[in-house]
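Text of protein23.tsv, listed as TSV, C-alpha atoms:
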```tsv
chain	number	residue	atom	x	y	z
A	9	MET	CA	117.09	18.81	126.70
A	10	GLU	CA	114.38	16.17	126.88
A	11	PHE	CA	110.65	16.78	127.07
A	12	HIS	CA	108.42	13.96	128.04
A	13	ALA	CA	104.68	13.99	127.79
A	14	LYS	CA	102.48	11.86	129.99
A	15	PRO	CA	101.12	8.78	128.23
A	16	GLY	CA	98.23	9.71	125.96
A	17	GLU	CA	99.26	13.36	125.86
A	18	TYR	CA	100.38	15.06	122.67
A	19	ASP	CA	103.92	16.36	122.99
A	20	PRO	CA	104.56	18.93	120.28
A	21	ILE	CA	108.33	18.98	120.86
A	22	ASN	CA	109.02	15.29	120.50
A	23	TYR	CA	106.25	14.46	118.06
A	24	VAL	CA	107.51	12.85	114.85
A	25	PRO	CA	104.88	11.68	112.35
A	26	ARG	CA	105.13	8.15	111.11
A	27	THR	CA	106.89	8.03	107.75
A	28	GLU	CA	106.79	5.33	105.17
A	29	SER	CA	109.07	4.67	102.24
A	30	HIS	CA	107.50	5.44	98.86
A	31	GLY	CA	110.22	3.46	97.12
A	32	THR	CA	113.00	4.88	94.98
A	33	LYS	CA	111.21	4.94	91.64
A	34	GLU	CA	110.11	8.59	91.83
A	35	LEU	CA	113.53	9.66	93.09
A	36	TRP	CA	115.41	8.11	90.17
A	37	LYS	CA	112.85	9.51	87.73
A	38	THR	CA	113.49	12.97	89.18
A	39	PHE	CA	117.24	12.44	88.89
A	40	TRP	CA	117.04	11.54	85.19
A	41	LEU	CA	114.73	14.48	84.60
A	42	LEU	CA	117.12	16.94	86.26
A	43	LEU	CA	120.05	15.46	84.36
A	44	GLY	CA	118.12	15.62	81.07
A	45	ILE	CA	117.18	19.25	81.56
A	46	THR	CA	120.79	20.15	82.42
A	47	ILE	CA	122.02	18.43	79.26
A	48	LEU	CA	119.32	20.27	77.29
A	49	ASP	CA	120.60	23.53	78.84
A	50	PHE	CA	124.06	22.64	77.57
A	51	ILE	CA	122.82	21.87	74.05
A	52	ILE	CA	120.64	24.97	73.76
A	53	TYR	CA	123.55	27.12	74.93
A	54	PHE	CA	125.53	26.15	71.85
A	55	VAL	CA	122.75	25.68	69.32
A	56	MET	CA	120.98	28.99	69.89
A	57	GLY	CA	122.81	32.33	69.82
A	58	PRO	CA	122.44	34.65	72.80
A	59	SER	CA	118.95	36.09	72.74
A	60	GLY	CA	116.08	37.07	75.00
A	61	LEU	CA	114.21	33.93	74.01
A	62	ARG	CA	117.15	31.74	75.04
A	63	ASN	CA	117.25	33.50	78.43
A	64	VAL	CA	113.51	32.87	78.89
A	65	ILE	CA	114.05	29.17	78.08
A	66	PHE	CA	116.90	28.95	80.61
A	67	ILE	CA	114.80	30.60	83.34
A	68	LEU	CA	111.82	28.34	82.60
A	69	PHE	CA	114.11	25.28	82.74
A	70	GLY	CA	115.47	26.59	86.06
A	71	LEU	CA	111.94	26.85	87.46
A	72	VAL	CA	111.10	23.32	86.27
A	73	LYS	CA	114.25	22.01	87.98
A	74	ALA	CA	113.32	23.94	91.14
A	75	TYR	CA	109.82	22.40	91.06
A	76	TYR	CA	111.22	18.87	90.93
A	77	ILE	CA	113.88	19.47	93.59
A	78	VAL	CA	111.40	21.03	96.03
A	79	GLY	CA	108.51	18.73	95.14
A	80	ALA	CA	110.19	15.33	94.95
A	81	PHE	CA	113.56	15.62	96.70
A	82	MET	CA	112.39	17.91	99.50
A	83	HIS	CA	109.14	15.96	99.59
A	84	LEU	CA	106.93	19.06	99.62
A	85	LYS	CA	104.55	17.51	97.07
A	86	HIS	CA	103.64	14.88	99.65
A	87	GLU	CA	103.40	17.18	102.68
A	88	LYS	CA	100.17	18.73	103.90
A	89	ILE	CA	98.98	21.58	101.67
A	90	ASN	CA	99.11	23.88	104.74
A	91	LEU	CA	102.87	23.47	104.98
A	92	ALA	CA	103.42	23.76	101.23
A	93	LEU	CA	101.50	27.04	101.08
A	94	ALA	CA	103.16	28.45	104.21
A	95	ILE	CA	106.55	27.92	102.56
A	96	LEU	CA	105.71	28.82	98.96
A	97	VAL	CA	103.38	31.82	99.25
A	98	PRO	CA	105.91	34.18	100.94
A	99	THR	CA	108.26	33.73	97.95
A	100	ILE	CA	105.85	35.94	95.97
A	101	PHE	CA	107.75	38.87	97.51
A	102	ILE	CA	110.90	37.69	95.75
A	103	PHE	CA	109.20	38.07	92.37
A	104	GLY	CA	108.09	41.57	93.38
A	105	LEU	CA	111.67	42.47	94.25
A	106	ILE	CA	112.99	41.06	90.97
A	107	MET	CA	110.51	43.11	88.92
A	108	GLY	CA	111.21	46.28	90.89
A	109	LEU	CA	114.98	46.15	90.90
A	110	LEU	CA	115.42	44.99	87.30
A	111	TYR	CA	113.27	47.95	86.25
A	112	GLU	CA	115.45	50.28	88.33
A	113	GLY	CA	118.63	48.73	86.93
A	114	HIS	CA	117.38	49.22	83.40
A	115	ALA	CA	116.51	52.85	84.17
A	116	LEU	CA	120.08	53.35	85.47
A	117	SER	CA	121.54	51.99	82.25
A	118	MET	CA	119.70	54.73	80.32
A	119	MET	CA	121.39	57.37	82.45
A	120	LYS	CA	124.93	55.98	82.20
O	29	MET	CA	108.32	5.62	121.53
O	30	ALA	CA	107.88	8.77	119.50
O	31	ASN	CA	104.66	7.62	117.93
O	32	HIS	CA	102.81	6.30	120.95
O	33	THR	CA	100.42	9.28	121.21
O	34	GLU	CA	99.85	9.72	117.51
O	35	ALA	CA	96.48	7.99	117.26
O	36	THR	CA	94.96	10.08	120.07
O	37	PHE	CA	95.66	13.53	118.77
O	38	GLU	CA	95.27	12.85	115.08
O	39	LYS	CA	91.55	12.73	115.72
O	40	GLN	CA	91.53	16.30	117.09
O	41	PRO	CA	90.40	19.09	114.75
O	42	MET	CA	93.29	20.50	112.77
O	43	TRP	CA	93.08	24.19	113.54
O	44	ALA	CA	91.74	23.93	117.10
O	45	GLY	CA	95.17	24.17	118.67
O	46	GLY	CA	97.17	21.58	120.57
O	47	ARG	CA	98.56	19.98	117.42
O	48	SER	CA	100.52	21.00	114.38
O	49	PRO	CA	98.29	21.82	111.40
O	50	PHE	CA	101.32	21.00	109.24
O	51	ASN	CA	101.67	17.44	110.51
O	52	VAL	CA	105.45	17.63	110.71
O	53	SER	CA	107.75	17.54	113.70
O	54	TYR	CA	108.89	20.75	115.35
O	55	GLY	CA	112.44	20.37	114.06
O	56	LYS	CA	111.41	19.81	110.47
O	57	LEU	CA	109.07	22.79	110.47
O	58	MET	CA	111.87	24.97	111.85
O	59	MET	CA	114.19	23.70	109.10
O	60	TRP	CA	111.61	24.72	106.51
O	61	ILE	CA	111.25	28.18	108.09
O	62	PHE	CA	115.03	28.56	108.11
O	63	LEU	CA	115.23	27.54	104.46
O	64	LEU	CA	112.55	30.10	103.58
O	65	SER	CA	114.60	32.84	105.24
O	66	ASP	CA	117.72	31.53	103.48
O	67	ALA	CA	115.83	31.68	100.19
O	68	PHE	CA	115.26	35.38	100.84
O	69	THR	CA	118.97	35.85	101.54
O	70	PHE	CA	120.02	34.25	98.28
O	71	SER	CA	117.29	36.06	96.39
O	72	SER	CA	118.54	39.41	97.63
O	73	LEU	CA	122.04	38.54	96.39
O	74	LEU	CA	120.82	37.32	93.01
O	75	VAL	CA	118.45	40.27	92.59
O	76	GLN	CA	121.36	42.61	93.30
O	77	TYR	CA	123.29	40.78	90.57
O	78	GLY	CA	120.36	41.17	88.18
O	79	ALA	CA	120.00	44.88	88.93
O	80	GLN	CA	123.74	45.47	88.34
O	81	ARG	CA	123.58	43.54	85.11
O	82	PHE	CA	120.52	45.39	83.85
O	83	SER	CA	122.17	48.72	84.67
O	84	ASN	CA	124.73	47.97	81.92
O	85	ILE	CA	122.31	46.78	79.30
O	86	GLN	CA	122.19	49.94	77.19
O	87	SER	CA	125.87	50.80	77.54
O	88	PRO	CA	128.44	50.79	74.75
O	89	VAL	CA	130.05	47.44	74.06
O	90	THR	CA	133.16	48.08	76.16
O	91	THR	CA	131.22	48.50	79.41
O	92	LYS	CA	128.80	45.67	78.73
O	93	TRP	CA	128.55	42.82	81.16
O	94	PRO	CA	131.29	40.27	80.34
O	95	ASP	CA	130.18	37.17	78.47
O	96	PRO	CA	130.55	34.22	80.89
O	97	ALA	CA	131.52	31.97	77.97
O	98	SER	CA	134.64	34.08	77.51
O	99	ILE	CA	135.77	33.65	81.12
O	100	PHE	CA	134.60	30.31	82.48
O	101	ASN	CA	135.88	28.33	79.51
O	102	HIS	CA	138.59	26.31	81.23
O	103	PHE	CA	138.70	22.66	82.13
O	104	PRO	CA	141.29	20.92	84.33
O	105	PHE	CA	144.17	19.35	82.36
O	106	MET	CA	142.95	20.92	79.11
O	107	HIS	CA	144.98	24.07	79.13
O	108	GLY	CA	144.31	26.74	76.53
O	109	LEU	CA	141.22	25.12	75.04
O	110	HIS	CA	137.97	27.01	74.69
O	111	LEU	CA	135.46	24.83	76.61
O	112	PRO	CA	132.73	27.11	77.91
O	113	LEU	CA	130.12	25.70	80.28
O	114	LEU	CA	131.71	22.26	80.39
O	115	PHE	CA	133.32	22.37	83.82
O	116	VAL	CA	130.33	24.00	85.48
O	117	SER	CA	128.07	21.36	83.95
O	118	VAL	CA	130.25	18.69	85.55
O	119	MET	CA	129.87	20.54	88.89
O	120	THR	CA	126.10	20.60	88.41
O	121	PHE	CA	126.13	16.89	87.67
O	122	ILE	CA	128.11	16.19	90.87
O	123	LEU	CA	125.63	18.21	92.94
O	124	ILE	CA	122.56	16.52	91.40
O	125	LEU	CA	124.18	13.13	91.99
O	126	SER	CA	124.88	13.92	95.64
O	127	SER	CA	121.29	15.13	95.97
O	128	VAL	CA	120.03	11.77	94.75
O	129	THR	CA	122.26	9.83	97.17
O	130	MET	CA	120.98	12.09	99.97
O	131	VAL	CA	117.37	11.34	99.12
O	132	LEU	CA	118.22	7.62	98.95
O	133	ALA	CA	119.64	7.92	102.48
O	134	VAL	CA	116.35	9.49	103.60
O	135	GLU	CA	114.43	6.65	101.94
O	136	ALA	CA	116.67	4.07	103.64
O	137	GLY	CA	116.00	5.86	106.94
O	138	HIS	CA	112.27	5.37	106.44
O	139	ARG	CA	112.98	1.62	106.33
O	140	ASN	CA	115.24	1.91	109.42
O	141	SER	CA	118.09	0.39	107.42
O	142	LYS	CA	121.16	1.67	109.22
O	143	LYS	CA	123.67	0.13	106.80
O	144	GLU	CA	122.12	1.77	103.74
O	145	VAL	CA	121.77	5.15	105.46
O	146	GLN	CA	125.47	4.98	106.32
O	147	ARG	CA	126.47	4.10	102.77
O	148	TYR	CA	124.38	6.78	101.06
O	149	MET	CA	125.41	9.45	103.58
O	150	LEU	CA	129.03	8.65	102.80
O	151	TYR	CA	128.36	9.02	99.05
O	152	THR	CA	126.68	12.37	99.71
O	153	ILE	CA	129.63	13.62	101.73
O	154	VAL	CA	132.05	12.58	98.97
O	155	GLY	CA	129.87	14.37	96.39
O	156	GLY	CA	129.80	17.56	98.46
O	157	ALA	CA	133.56	17.47	98.95
O	158	ALA	CA	134.08	16.92	95.21
O	159	PHE	CA	131.88	19.93	94.44
O	160	LEU	CA	133.88	22.08	96.88
O	161	GLY	CA	137.10	20.96	95.21
O	162	CYS	CA	135.72	21.95	91.80
O	163	GLN	CA	134.72	25.33	93.13
O	164	ALA	CA	138.18	25.90	94.60
O	165	TRP	CA	139.69	25.16	91.18
O	166	GLU	CA	137.19	27.50	89.49
O	167	TRP	CA	138.00	30.30	91.90
O	168	SER	CA	141.76	29.93	91.65
O	169	THR	CA	141.58	29.88	87.84
O	170	PHE	CA	139.41	32.99	87.89
O	171	ILE	CA	141.77	34.79	90.29
O	172	HIS	CA	144.80	33.84	88.18
O	173	GLU	CA	143.05	35.42	85.20
O	174	GLY	CA	142.99	38.68	87.16
O	175	ALA	CA	139.64	38.67	88.94
O	176	ARG	CA	139.53	40.89	92.02
O	177	LEU	CA	136.78	42.06	94.35
O	178	TYR	CA	137.31	45.71	93.45
O	179	GLY	CA	137.81	45.67	89.70
O	180	ASN	CA	136.98	43.99	86.43
O	181	THR	CA	139.44	43.47	83.60
O	182	PHE	CA	137.03	41.24	81.72
O	183	GLY	CA	135.36	43.90	79.62
O	184	ILE	CA	135.44	42.89	75.96
O	185	THR	CA	136.04	45.25	73.06
O	186	GLU	CA	134.40	45.06	69.65
O	187	GLN	CA	137.53	43.30	68.35
O	188	GLY	CA	137.40	40.89	71.28
O	189	TYR	CA	133.80	39.92	70.53
O	190	LYS	CA	134.74	39.18	66.90
O	191	HIS	CA	137.69	37.11	68.07
O	192	LEU	CA	135.53	35.21	70.59
O	193	SER	CA	132.76	34.41	68.12
O	194	SER	CA	135.29	33.03	65.63
O	195	VAL	CA	136.44	30.39	68.12
O	196	GLY	CA	134.63	27.06	68.20
O	197	PHE	CA	134.06	24.69	71.09
O	198	GLY	CA	137.30	22.91	71.97
O	199	ASP	CA	139.51	25.15	69.82
O	200	HIS	CA	142.69	26.68	71.14
O	201	PHE	CA	141.93	30.16	72.44
O	202	GLU	CA	143.96	33.00	73.86
O	203	TRP	CA	143.09	36.66	74.16
O	204	ALA	CA	144.89	38.98	71.74
O	205	ILE	CA	146.12	42.48	72.61
O	206	GLY	CA	143.23	44.92	72.43
O	207	ASP	CA	140.59	42.26	72.98
O	208	ARG	CA	139.91	43.22	76.54
O	209	THR	CA	139.41	46.33	78.56
O	210	ASN	CA	137.95	47.32	81.91
O	211	GLY	CA	134.35	46.27	82.42
O	212	PRO	CA	131.63	46.92	85.01
O	213	VAL	CA	133.31	46.86	88.43
O	214	PRO	CA	130.86	44.66	90.41
O	215	PHE	CA	131.18	41.71	88.02
O	216	ALA	CA	133.87	39.70	89.83
O	217	ALA	CA	132.77	40.90	93.28
O	218	LEU	CA	129.26	39.57	92.72
O	219	PHE	CA	130.62	36.31	91.39
O	220	PHE	CA	132.79	35.85	94.47
O	221	ILE	CA	130.06	36.88	96.92
O	222	VAL	CA	127.26	34.76	95.45
O	223	THR	CA	129.25	31.62	94.60
O	224	GLY	CA	131.20	32.08	97.83
O	225	PHE	CA	128.04	32.26	99.88
O	226	HIS	CA	126.74	29.20	98.07
O	227	GLY	CA	130.04	27.40	98.58
O	228	PHE	CA	129.89	28.26	102.27
O	229	HIS	CA	126.46	26.63	102.37
O	230	VAL	CA	127.84	23.54	100.65
O	231	PHE	CA	130.66	23.48	103.19
O	232	SER	CA	128.30	23.72	106.17
O	233	GLY	CA	126.09	21.12	104.49
O	234	VAL	CA	129.06	18.74	104.31
O	235	VAL	CA	129.80	19.42	108.01
O	236	ILE	CA	126.16	18.69	108.92
O	237	ASN	CA	126.26	15.52	106.84
O	238	VAL	CA	129.46	14.37	108.55
O	239	VAL	CA	127.90	14.96	111.97
O	240	VAL	CA	124.75	13.08	110.98
O	241	TYR	CA	126.88	10.29	109.48
O	242	ILE	CA	128.81	9.87	112.74
O	243	MET	CA	125.55	9.87	114.69
O	244	THR	CA	124.23	7.14	112.37
O	245	VAL	CA	127.36	5.04	112.76
O	246	ARG	CA	127.15	5.35	116.54
O	247	GLY	CA	123.54	4.14	116.42
O	248	VAL	CA	121.95	7.30	117.85
O	249	PHE	CA	119.01	7.17	115.43
O	250	GLU	CA	118.65	3.42	115.80
O	251	ARG	CA	118.11	3.89	119.53
O	252	ARG	CA	115.80	6.84	118.90
O	253	GLY	CA	113.64	4.65	116.67
O	254	HIS	CA	113.51	6.95	113.66
O	255	TYR	CA	115.88	8.57	111.17
O	256	GLU	CA	114.22	11.96	110.96
O	257	MET	CA	117.51	13.80	111.42
O	258	ILE	CA	118.56	12.50	107.99
O	259	GLU	CA	115.46	14.17	106.54
O	260	LYS	CA	116.33	17.50	108.14
O	261	ALA	CA	119.92	17.37	106.92
O	262	GLY	CA	118.52	16.30	103.54
O	263	LEU	CA	116.24	19.34	103.35
O	264	TYR	CA	119.24	21.59	103.85
O	265	TRP	CA	121.30	19.69	101.29
O	266	HIS	CA	118.57	19.86	98.63
O	267	PHE	CA	118.18	23.56	99.27
O	268	VAL	CA	121.88	24.01	98.45
O	269	ASP	CA	121.21	22.15	95.20
O	270	LEU	CA	118.19	24.38	94.55
O	271	VAL	CA	120.26	27.53	94.98
O	272	TRP	CA	122.88	26.13	92.61
O	273	VAL	CA	120.20	25.73	89.91
O	274	PHE	CA	119.72	29.50	89.96
O	275	VAL	CA	123.41	30.37	90.35
O	276	PHE	CA	124.09	28.13	87.32
O	277	THR	CA	121.29	29.77	85.33
O	278	PHE	CA	122.14	33.39	86.06
O	279	PHE	CA	125.95	33.32	86.29
O	280	TYR	CA	126.81	30.84	83.57
O	281	LEU	CA	123.93	30.33	81.15
O	282	ILE	CA	122.58	33.86	80.75
```
Take the structure in the file and give it back as structure tokens.
Amino acid sequence: MEFHAKPGEYDPINYVPRTESHGTKELWKTFWLLLGITILDFIIYFVMGPSGLRNVIFILFGLVKAYYIVGAFMHLKHEKINLALAILVPTIFIFGLIMGLLYEGHALSMMK
Amino acid sequence: MANHTEATFEKQPMWAGGRSPFNVSYGKLMMWIFLLSDAFTFSSLLVQYGAQRFSNIQSPVTTKWPDPASIFNHFPFMHGLHLPLLFVSVMTFILILSSVTMVLAVEAGHRNSKKEVQRYMLYTIVGGAAFLGCQAWEWSTFIHEGARLYGNTFGITEQGYKHLSSVGFGDHFEWAIGDRTNGPVPFAALFFIVTGFHGFHVFSGVVINVVVYIMTVRGVFERRGHYEMIEKAGLYWHFVDLVWVFVFTFFYLI
């Protein structure tokens, strides 16, 4: 299916913004960062015994990795703030669900 | 061609209608919306996993959630050695590497360099296929150990925990009689469903990448004047990597 706008008219279907290369420096930096954090995960897993603190560290590391993947690799850091917010704000509901269901799961474990 | 009207409408007010306030193409915005909905899908699966795990937190040791280090401790060609976390770290490395080649393909597309796009897309496809192969090995090892959708033989007894903690990284390790018992039933089922759903995403990502690769080779994007399709495929591919970060954290690390 092809849509063609008249010259001078904005065609929302075919519109593609002009993109420019920002070079590969940031991308490689992100790669080394992700690799470093994964190696750190590996080290911490063996150095620290299982504990709540270790779990918190792993989750924080996961969130840092997520920030770099979404921000640099998926380019969301460089998109318009409108788009970034439209994608990121709805994920608040996920955190609500996590809190709610972990609480319920814990309550179930008391009854078992 | 695609950019010939850009200057005219970029002057229009952003929220007055007639233009995208997000300043992305229709297809890319739809990919983002799809990925948001997919994020909810994966979250619901992972939250279910968390709730099941928390519901065993106060239980006696025999019905506790199995320790992933005691199950995913195998490595190809190193039979019988206790190597927890090693294989899955290699898988993570493969996925991060294929993510970086994907983003290099996108960057090459911005410079309209067909040759480089082709090369990096091929690397990405190889990385995705390698990851799928690793996952197949992981699954078959797990199933050979007795994992089923409807049961869990990976519960560990008090004696088993003592045995496990006495074994160092790389030591020879085999379960003794009385080490293991039945554990919480949804353990293996959740592993299969969540990693399976993720693996299915990797598989469809590889298919998308192959299609985009063929389109690149045939010069479709060259004629179109831009390589935006690589960006859209890239968004999907990075999302798969993003999901793996959390699967890795919650199934293997914690």
From the list A:Met56, A:Leu96, A:Leu110, A:Leu61, the nearest residue to chain O using only C-alpha atoms is A:Leu110
Would you give me, as a tab-separated table, each residue of chain O having an atom within 6 Å of an atom of chain A, along with its shortest atom pair and that distance in Å to one decimal, using all atoms listed in the file and sorting by chain and residue number?
```
residue	atom	partner	partner_atom	distance
O:Thr33	CA	A:Gly16	CA	5.2
O:Phe50	CA	A:Leu91	CA	5.2
O:Ser53	CA	A:Val24	CA	4.8
O:Tyr54	CA	A:Ile21	CA	5.8
O:Val75	CA	A:Ile106	CA	5.7
O:Ala79	CA	A:Gly113	CA	4.5
O:Phe82	CA	A:Gly113	CA	4.9
O:Ser83	CA	A:Ser117	CA	4.1
O:Asn84	CA	A:Ser117	CA	5.1
O:Gln86	CA	A:Ser117	CA	5.5
O:Glu135	CA	A:Ser29	CA	5.7
O:His138	CA	A:Ser29	CA	5.3
O:Leu263	CA	A:Met82	CA	5.6
O:Leu270	CA	A:Ala74	CA	6.0
O:Ile282	CA	A:Asn63	CA	5.8
```
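When CA of Trp93 (chain O) is paired with CA of Gly183 (chain O), their separation reads 7.1 Å.
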Would you mind reading off the distance between CA of Lys92 (chain O) and CA of His191 (chain O), one decimal, in Å? 16.3 Å
Fewer than 6 positions away in the same chain doesn't count, so skip those; otherwise give me all residues within 10 Å of Gly247 (chain O), counting all atoms listed in the file, as a list in words. Lys142, Tyr241 and Gly253 of chain O
Identify, on the basis of only C-alpha atoms, every residue whose closest approach to Phe219 (chain O) does not exceed 12 Å; exclude the query and any residue fewer than 6 positions from it along the same chain; express the result as a ChimeraX atom specification. /O:73-74,76-78,80-81,94,96,99-100,163,166-167,170-171,175-180,213,225-227,275-276,278-280
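Taking only C-alpha atoms, the non-local environment of Tyr255 (chain O) within 9 Å (same-chain residues fewer than 2 positions away omitted) comprises Val134, Ala136, Gly137, His138, Arg139, Asn140, Lys142, Val145, Thr244, Phe249, Glu250, Arg252, Gly253, Met257, Ile258 and Glu259 of chain O.
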Using Å and a single decimal, report how far CA of His110 (chain O) sits from CA of Thr209 (chain O).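 Interatomic distance, CA of Thr209 (chain O) to CA of His110 (chain O): 19.8 Å.
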Env of Leu111 (chain O): 9 Å cut, atoms = only C-alpha atoms, seq-sep filter 3 positions within chain, self excluded. Answer as number ranges by chain. O: 97, 100-103, 106, 114-115, 196-199
One residue among O:Leu132, O:Leu218, O:Leu125, O:Leu281 is nearest to Met149 (chain O) when using all atoms listed in the file, and that residue is O:Leu132
